[in-house]
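What follows is a single structure, written as structure tokens, with notes after it.
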Amino acid sequence: MSTVVTSVLADELAVLGGFDAGVCMNCGVCTAACPLGLDLLPRRLLRHALLGMAERVQGESEAIFSCLLCRACEANCPAGVHIAEDVRLLRRWLLGKFEEAQ
Amino acid sequence: MTSRRIGVYICHCGGNISDYVDVPAVVGAVRDEPDVVVVRDAMFTCSDLTQQEIFSDIVEHRLDGLVVASCSPKLHTFTFREMARRAGLNPYEYTQVNIREQCSWAHTDDPQGATRKAISLVRAGIAGTRGTRPLEPTVVETTQRVLVVGGGLTGMRAAIGLADLGLAVVLVEKTATLGGRVGGMGPMFPHGRVGADLVARLRDDIGRRPAVTVLTGAELVAKSGTYGNYHVVVAVGGERRELAVGQVVVATGFADYEPHIGELGYGMPGVLTLPELVSRLDSSHGPLLHDGRRVGSIAYLYCVGSRNEEHSHCSKYCCSATVHTALRITERNPGARQYHVYRDMRTYGRNEEMLTQSRRRGSLYLKFADDDPPEVAREHGRLEVTVRDLLSAGEEIRLPVDLVVLVTGMVARQNRELVDVLKLPVGRDGFFNEIHPKLRPVETVVDGVTICGTCQGPKTSAESVASGLAAVTHVGAMLKRGVAELDPQVASVNPEACNGCAVCVEACPFGAISMVGAPRPAGGGHRVTPAEAGSGEASPGGLVAAVAATGCKGCGACAPVCPTGAIDLAGYTDAQVTAIIDALAMDLPGPEGRTGDVVGPGGARLRVAAEAPAEVVR
């Protein structure tokens with residue numbers, strides 16, 4: 001399976017403002033620190049969002065809304081990514097999509 | 001033969017030798033050799049402690065000869081020569097015997113044989129040492145002028161440094177202008193300094209130094225002479241200029257790797273190399289355009305032509321240069337999507353900050369596996385890069401982009417003529433080789449030839465300048481002494497014995513032997529080649545060969561071809577070599593029961609030749 005990367009998601013996140021996962025260095029400390037133990041959270045989710053995989057991220061809404069926003073990931077992030085804020089942004093983006101669809 | 005007082009030291013090398021060679025047996029075997037005054041073994045002969053012991057022995061026993069049997073002469077010849085000199089023994093009265101590389105390591109399966117061989121080698125060393133005599137280096141004045149080949153950033157900076165040391169400099173540049181690669185560059189990482197400005201500043205600095213002579217459109221075509229005093233010929237504007245120089249500095253730079261047509265889409269519209277992209281940026285203002293349209297997305301494919309079978313090296317500047325370029329494009333084309341498809345990011349040192357900054361400003365990094373490179377295709381009139389991204393769990397990602405930039409590295413510049421003229425040591429990768437990458441980073445094995453900058457391997461401009469200044473230090477340290485000491489182990493001709501046949505003149509690879517007029521005993525059936533006959537040097541007595549001590553490298557090519565034995569090489573005289581061969585041919589009791597092979601001096605050399613090391617008996 002291959003995914004075509006477009007700039008749509010990035011552009012839409014830019015409009016919402018503040019999505020800062022670009023400095024992520026993919027170390028995975030965040031995922032190790034996540035109390036939910038979901039494989040997706042938060043590193044892979046952020047990667048999908050960064051690469052602009054809009055449909056994929058929409059399919060991952062359950063994980064996005066399960067996040068406890070506890071910031072265990074953020075406290076340990078060596079790149080200083082505001083992960084909880086980024087998850088909030090993705091929630092807002094998903095809600096926007098949902099409203100569009102209504 | 002007058003009697004000598006020789007000290008012999010046999011090394012264990014911490015087991016490297018003594019695991020296979022019975023060192024006490026070797027000591028016992030040579031203890032009663034004539035002329036040997038003291039024999040010792042040591043765990044490490046090269047250690048300070050043992051050197052001190054040898055030092056004391058030289059003084060106490062008034063030694064006039066020294067034999068050290070340990071490792072290859074490549075390692076410690078200068079260590080022991082220096083130690084001997086400090087102890088008051090002429091350094092050339094010392095002989096190094098190799099019982100490690102050529103004995104213990106080579107015969108790990110045969111300790112008894114290795115021990116017998118070690119005894120033979122040490123005896124041969126003693127035999128050679130009996131014939132040593134004190135030698136003093138030839139001291140010559142050096143020419144206080146340096147030839148710098150290559151007028152790029154490195155060569156220019158080196159020329160200025162040399163001039164500031166008080167040396168005259170001739171800066172030779174092949175093209176019509178100074179400046180090289182950097183002279184054509186716009187903003188360079190990490191601080192955005194403009195290459196053309198840097199070069200303009202250096203050009204001004206050179207202009208203010210009358211000691212620097214610049215020859216553009218010029219090429220070095222010949223070099224001869226001796227250490228510290230070379231004669232070079234520079235072809236410039238159809239004429240040949242002859243110059244006397246003391247040293248040569250080579251700063252001839254690199255070439256960009258040129259992708260093959262079809263390699264990662266090279267040749268398709270919109271696929272270009274990093275230097276091509278940079279030159280487009282440097283020669284334009286405002287947003288970067290392609291086909292008249294503003295570029296909205298770029299994929300950079302890293303390590304093109306680097307770190308593969310053809311070019312195994314990392315060019316180390318390209319990652320930083322690409323990240324710097326991406327930051328420039330962020331300024332010029334705000335909002336452009338930039339994908340960096342890389343193998344490993346090597347933005348080392350402070351350049352790492354640029355990498356973080358580029359991520360912060362929207363550059364996306366995708367990593368591919370070494371054995372799974374990205375592919376470039378044109379789909380529906382648009383370029384598309386496909387990459388299996390290791391950072392997305394190996395998912396195949398397709399990137400539709402406006403431009404594909406192939407990040408090409410540095411390769412060696414083809415420069416056959418210069419290599420031939422200077423006999424430059426060229427590595428397997430095509431770059432010139434230094435003697436030691438850490439401790440002697442700009443010296444070459446060629447006397448008087450120093451290398452610096454990217455001709456010796458990929459470097460950033462800052463590293464190139466540092467290496468150019470290292471060359472300045474090395475050349476300055478050598479030339480500013482005013483004199484050079486040349487190895488005294490050179491050939492000399494006994495004019496009484498020379499018959500003037502001039503065979504040695506032909507044999508000398510360094511052109512150090514000439515026929516000179518000299519009183520020569522009548523009756524020698526000598527012949528003179530037409531060249532010498534026309535030299536006007538003939539005297540009524542005929543011509544004899546003479547070796548210029550400053551030109552001789554001590555290779556020994558002349559001595560064996562002399563039909564009258566008139567040539568001897570100091571340190572390796574015929575008498576010494578004969579004694580060495582005789583010692584090697586001496587019978588040793590051994591398990592093979594070769595006790596019947598008693599060999600007299602010179603009598604049966606061929607019979608034992610097969611057992612003797614190739615470097616002693618040819």
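Please note that chains go A, B, ... in the order of the structure tokens, that every chain numbers its residues from 1, and that ligands are numbered from 1 in the order shown.
For chain A, the residues within 6 Å of chain B are Ser2, Thr3, Val4, Val5, Gly22 and Val23 of chain A, with only C-alpha atoms used to measure distance.
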Nearby residues (only C-alpha atoms) at most 10 Å from Val81 of chain A, same-chain spacing under 4 positions excluded, as number ranges by chain: A: 19-25, 30, 73-77, 85-86
Same residues, C-alpha atoms, saved as a PDB file, in the first residue's frame:
ATOM      1  CA  PHE A  19       0.952  22.453  15.065  1.00  0.00           C
ATOM      2  CA  ASP A  20       4.625  22.028  15.978  1.00  0.00           C
ATOM      3  CA  ALA A  21       5.405  18.313  15.512  1.00  0.00           C
ATOM      4  CA  GLY A  22       7.759  19.173  12.627  1.00  0.00           C
ATOM      5  CA  VAL A  23      10.731  19.251  14.986  1.00  0.00           C
ATOM      6  CA  CYS A  24       9.993  15.651  16.017  1.00  0.00           C
ATOM      7  CA  MET A  25      13.097  13.500  15.630  1.00  0.00           C
ATOM      8  CA  CYS A  30       6.610   9.781  23.757  1.00  0.00           C
ATOM      9  CA  CYS A  73       4.877  12.355  26.523  1.00  0.00           C
ATOM     10  CA  GLU A  74       5.494  16.076  26.472  1.00  0.00           C
ATOM     11  CA  ALA A  75       7.445  16.058  29.719  1.00  0.00           C
ATOM     12  CA  ASN A  76       9.842  13.554  28.187  1.00  0.00           C
ATOM     13  CA  CYS A  77      10.068  14.913  24.631  1.00  0.00           C
ATOM     14  CA  GLU A  85      -1.572  20.885  22.063  1.00  0.00           C
ATOM     15  CA  ASP A  86      -0.988  19.068  18.775  1.00  0.00           C
TER      16      ASP A  86
END
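What separates atom CA of Phe65 of chain A from atom CA of Ala32 of chain A is a distance of 18.8 Å.
Residues in contact with Ala49 of chain A at 8 Å, where only C-alpha atoms are counted and same-chain residues fewer than 5 positions away are skipped, are listed as Leu9, Ala10, Ala54 and Val57 of chain A.
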Let's have the selection written as an mmCIF file, in the first residue's frame, with C-alpha atoms.
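Once everything was written out, this is result.cif:
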data_model
loop_
_atom_site.group_PDB
_atom_site.id
_atom_site.type_symbol
_atom_site.label_atom_id
_atom_site.label_comp_id
_atom_site.auth_asym_id
_atom_site.auth_seq_id
_atom_site.Cartn_x
_atom_site.Cartn_y
_atom_site.Cartn_z
ATOM 1 C CA LEU A 9 -3.718 18.546 5.846
ATOM 2 C CA ALA A 10 -0.632 20.610 6.611
ATOM 3 C CA ALA A 54 -5.599 13.204 5.904
ATOM 4 C CA VAL A 57 -5.731 10.588 10.450
#
Who sits within 7 Å of segment 557-574 of chain B, only C-alpha atoms, same chain under 4 positions skipped, as a PyMOL selection string: chain B and resi 132+489-494+497-498+503-504+507-508+578
For the selection just defined, write its residues with C-alpha atoms to a file, as a JSON list (two decimals), in the first residue's frame.
[["chain", "number", "residue", "atom", "x", "y", "z"],
["B", 132, "THR", "CA", 79.00, 0.70, 9.61],
["B", 489, "GLN", "CA", 72.80, 7.15, 3.08],
["B", 490, "VAL", "CA", 73.66, 8.03, -0.49],
["B", 491, "ALA", "CA", 75.83, 6.54, -3.22],
["B", 492, "SER", "CA", 79.32, 7.70, -4.00],
["B", 493, "VAL", "CA", 81.78, 6.87, -6.77],
["B", 494, "ASN", "CA", 85.38, 5.94, -6.28],
["B", 497, "ALA", "CA", 87.88, 2.64, -9.98],
["B", 498, "CYS", "CA", 85.39, 4.27, -12.39],
["B", 503, "VAL", "CA", 75.89, 2.72, -17.14],
["B", 504, "CYS", "CA", 75.04, 4.14, -13.70],
["B", 507, "ALA", "CA", 70.32, 3.39, -14.00],
["B", 508, "CYS", "CA", 69.68, 6.37, -11.74],
["B", 578, "THR", "CA", 78.39, -9.43, 1.38]]
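Going from atom CA of His231 of chain B to atom CA of Gly556 of chain B covers 23.9 Å.
Proximity to Pro42 of chain A at 9 Å, evaluated using only C-alpha atoms and with sequence-adjacent residues fewer than 3 positions away removed, yields Gly28, Cys30, Thr31, Cys34, Leu38, Asp39, Leu45, Leu46, Arg47, Ile64, Cys67, Cys73, Ile83 and Val87 of chain A.
Going from atom CA of Tyr92 of chain B to atom CA of Glu33 of chain B covers 20.8 Å.
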Please identify all polymer residues within 10 Å of Gly151 of chain B, counting only C-alpha atoms, omitting same-chain residues fewer than 5 positions from it, and present them as an mmCIF file with C-alpha atoms, in the first residue's frame.
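The resulting file, out.cif, is reproduced below:
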data_model
loop_
_atom_site.group_PDB
_atom_site.id
_atom_site.type_symbol
_atom_site.label_atom_id
_atom_site.label_comp_id
_atom_site.auth_asym_id
_atom_site.auth_seq_id
_atom_site.Cartn_x
_atom_site.Cartn_y
_atom_site.Cartn_z
ATOM 1 C CA MET B 156 44.645 31.576 -1.938
ATOM 2 C CA ARG B 157 44.498 31.414 1.836
ATOM 3 C CA ALA B 158 47.661 29.281 1.932
ATOM 4 C CA ALA B 159 49.477 31.741 -0.356
ATOM 5 C CA LEU B 171 50.301 30.884 -7.019
ATOM 6 C CA VAL B 172 49.463 28.922 -10.157
ATOM 7 C CA GLU B 173 45.832 28.703 -11.308
ATOM 8 C CA LYS B 174 44.721 26.677 -14.322
ATOM 9 C CA THR B 175 41.703 28.833 -15.185
ATOM 10 C CA THR B 177 40.754 33.784 -12.655
ATOM 11 C CA LEU B 178 41.435 33.110 -9.004
ATOM 12 C CA GLY B 179 38.604 31.944 -6.778
ATOM 13 C CA GLY B 180 37.800 28.374 -7.715
ATOM 14 C CA ARG B 181 34.465 26.911 -6.628
ATOM 15 C CA ARG B 203 42.132 38.528 -3.784
ATOM 16 C CA VAL B 214 49.843 35.034 -9.353
ATOM 17 C CA LEU B 215 49.956 33.098 -12.613
ATOM 18 C CA THR B 216 46.507 32.412 -14.058
ATOM 19 C CA VAL B 250 48.853 21.277 -3.948
ATOM 20 C CA ALA B 251 45.319 22.653 -3.507
ATOM 21 C CA THR B 252 43.562 21.545 -6.665
ATOM 22 C CA GLY B 253 40.093 20.969 -5.256
#
For a quick check of understanding, using only C-alpha atoms, which of A:Ala63, A:Leu95, A:Ala79, A:Val8 has the smallest distance to Leu51 of chain A? A:Val8
Leaving out Gly17 of chain A and any residue of its chain fewer than 4 positions from it, which residues lie within 9 Å of it when counting only C-alpha atoms, given as a list of chain:residue names? A:Glu12, A:Leu13, A:Leu89
Report as a ChimeraX atom specification: the residues of segment 307-433 of chain B with a DSSP assignment of strand (DSSP E), based on the backbone of this structure. /B:337-342,364-367,375-379,382-389,395-401,403-408,410-412
Write the residues of the preceding selection, restricted to N, CA and C atoms, as a compact mmCIF listing (two decimals), in the first residue's frame.
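So the final result, stored in out.txt, reads:
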# COMPACT_ATOMS: atom_id res chain seq x y z
N ARG B 337 6.57 23.17 0.18
CA ARG B 337 6.75 21.91 0.91
C ARG B 337 8.10 21.33 0.52
N GLN B 338 8.92 21.04 1.52
CA GLN B 338 10.25 20.50 1.23
C GLN B 338 10.43 19.16 1.93
N TYR B 339 10.65 18.13 1.11
CA TYR B 339 10.82 16.78 1.63
C TYR B 339 12.28 16.37 1.50
N HIS B 340 12.88 15.97 2.60
CA HIS B 340 14.28 15.53 2.57
C HIS B 340 14.31 14.01 2.68
N VAL B 341 14.66 13.35 1.58
CA VAL B 341 14.67 11.90 1.56
C VAL B 341 16.12 11.46 1.75
N TYR B 342 16.44 10.98 2.93
CA TYR B 342 17.84 10.80 3.31
C TYR B 342 18.15 9.39 3.78
N LEU B 364 10.32 18.39 5.92
CA LEU B 364 9.96 17.07 6.39
C LEU B 364 11.05 16.09 6.02
N TYR B 365 11.39 15.23 6.95
CA TYR B 365 12.49 14.29 6.73
C TYR B 365 11.97 12.87 6.65
N LEU B 366 12.35 12.17 5.56
CA LEU B 366 11.96 10.78 5.38
C LEU B 366 13.23 9.97 5.17
N LYS B 367 13.31 8.85 5.88
CA LYS B 367 14.56 8.07 5.85
C LYS B 367 14.35 6.77 5.08
N GLU B 375 12.70 6.09 -5.67
CA GLU B 375 12.59 6.08 -7.12
C GLU B 375 11.94 7.37 -7.58
N VAL B 376 12.31 7.78 -8.80
CA VAL B 376 11.74 9.01 -9.35
C VAL B 376 11.03 8.66 -10.65
N ALA B 377 9.80 9.15 -10.80
CA ALA B 377 9.04 8.90 -12.03
C ALA B 377 8.28 10.15 -12.40
N ARG B 378 7.80 10.18 -13.64
CA ARG B 378 6.93 11.28 -14.06
C ARG B 378 5.55 10.72 -14.26
N GLU B 379 4.60 11.17 -13.44
CA GLU B 379 3.22 10.69 -13.53
C GLU B 379 2.33 11.87 -13.91
N ARG B 382 3.77 15.15 -13.90
CA ARG B 382 4.31 15.67 -12.65
C ARG B 382 5.34 14.70 -12.08
N LEU B 383 6.38 15.25 -11.47
CA LEU B 383 7.40 14.39 -10.87
C LEU B 383 6.86 13.77 -9.60
N GLU B 384 7.22 12.50 -9.40
CA GLU B 384 6.79 11.85 -8.18
C GLU B 384 7.93 10.98 -7.64
N VAL B 385 8.22 11.17 -6.37
CA VAL B 385 9.26 10.38 -5.70
C VAL B 385 8.57 9.34 -4.83
N THR B 386 9.01 8.09 -4.96
CA THR B 386 8.46 7.03 -4.12
C THR B 386 9.55 6.57 -3.16
N VAL B 387 9.20 6.53 -1.89
CA VAL B 387 10.20 6.14 -0.89
C VAL B 387 9.54 5.30 0.19
N ARG B 388 10.24 4.25 0.61
CA ARG B 388 9.77 3.47 1.75
C ARG B 388 10.37 4.12 2.99
N ASP B 389 9.52 4.80 3.75
CA ASP B 389 9.98 5.66 4.84
C ASP B 389 10.13 4.88 6.14
N GLU B 395 6.47 2.39 5.59
CA GLU B 395 5.37 2.58 4.66
C GLU B 395 5.85 3.22 3.36
N GLU B 396 5.27 2.80 2.23
CA GLU B 396 5.65 3.39 0.95
C GLU B 396 4.91 4.71 0.77
N ILE B 397 5.69 5.76 0.57
CA ILE B 397 5.12 7.10 0.50
C ILE B 397 5.42 7.68 -0.86
N ARG B 398 4.42 8.29 -1.48
CA ARG B 398 4.63 8.93 -2.78
C ARG B 398 4.54 10.44 -2.61
N LEU B 399 5.56 11.11 -3.14
CA LEU B 399 5.64 12.57 -2.98
C LEU B 399 5.55 13.23 -4.35
N PRO B 400 4.39 13.79 -4.69
CA PRO B 400 4.32 14.55 -5.95
C PRO B 400 4.97 15.91 -5.72
N VAL B 401 5.96 16.25 -6.57
CA VAL B 401 6.71 17.49 -6.34
C VAL B 401 6.99 18.22 -7.64
N LEU B 403 10.01 19.93 -8.09
CA LEU B 403 11.44 19.74 -8.36
C LEU B 403 11.97 18.56 -7.58
N VAL B 404 12.87 17.81 -8.22
CA VAL B 404 13.61 16.77 -7.50
C VAL B 404 15.07 17.18 -7.52
N VAL B 405 15.67 17.28 -6.34
CA VAL B 405 17.06 17.72 -6.24
C VAL B 405 17.92 16.55 -5.80
N LEU B 406 18.88 16.19 -6.66
CA LEU B 406 19.78 15.10 -6.32
C LEU B 406 20.98 15.67 -5.56
N VAL B 407 21.11 15.27 -4.31
CA VAL B 407 22.17 15.80 -3.47
C VAL B 407 23.44 15.01 -3.77
N THR B 408 24.27 15.59 -4.64
CA THR B 408 25.48 14.90 -5.09
C THR B 408 26.67 15.31 -4.24
N MET B 410 31.11 15.09 -3.34
CA MET B 410 32.38 15.45 -3.97
C MET B 410 33.09 14.19 -4.45
N VAL B 411 33.65 14.27 -5.63
CA VAL B 411 34.52 13.19 -6.08
C VAL B 411 35.87 13.81 -6.46
N ALA B 412 36.84 12.93 -6.64
CA ALA B 412 38.17 13.42 -6.97
C ALA B 412 38.16 14.03 -8.37
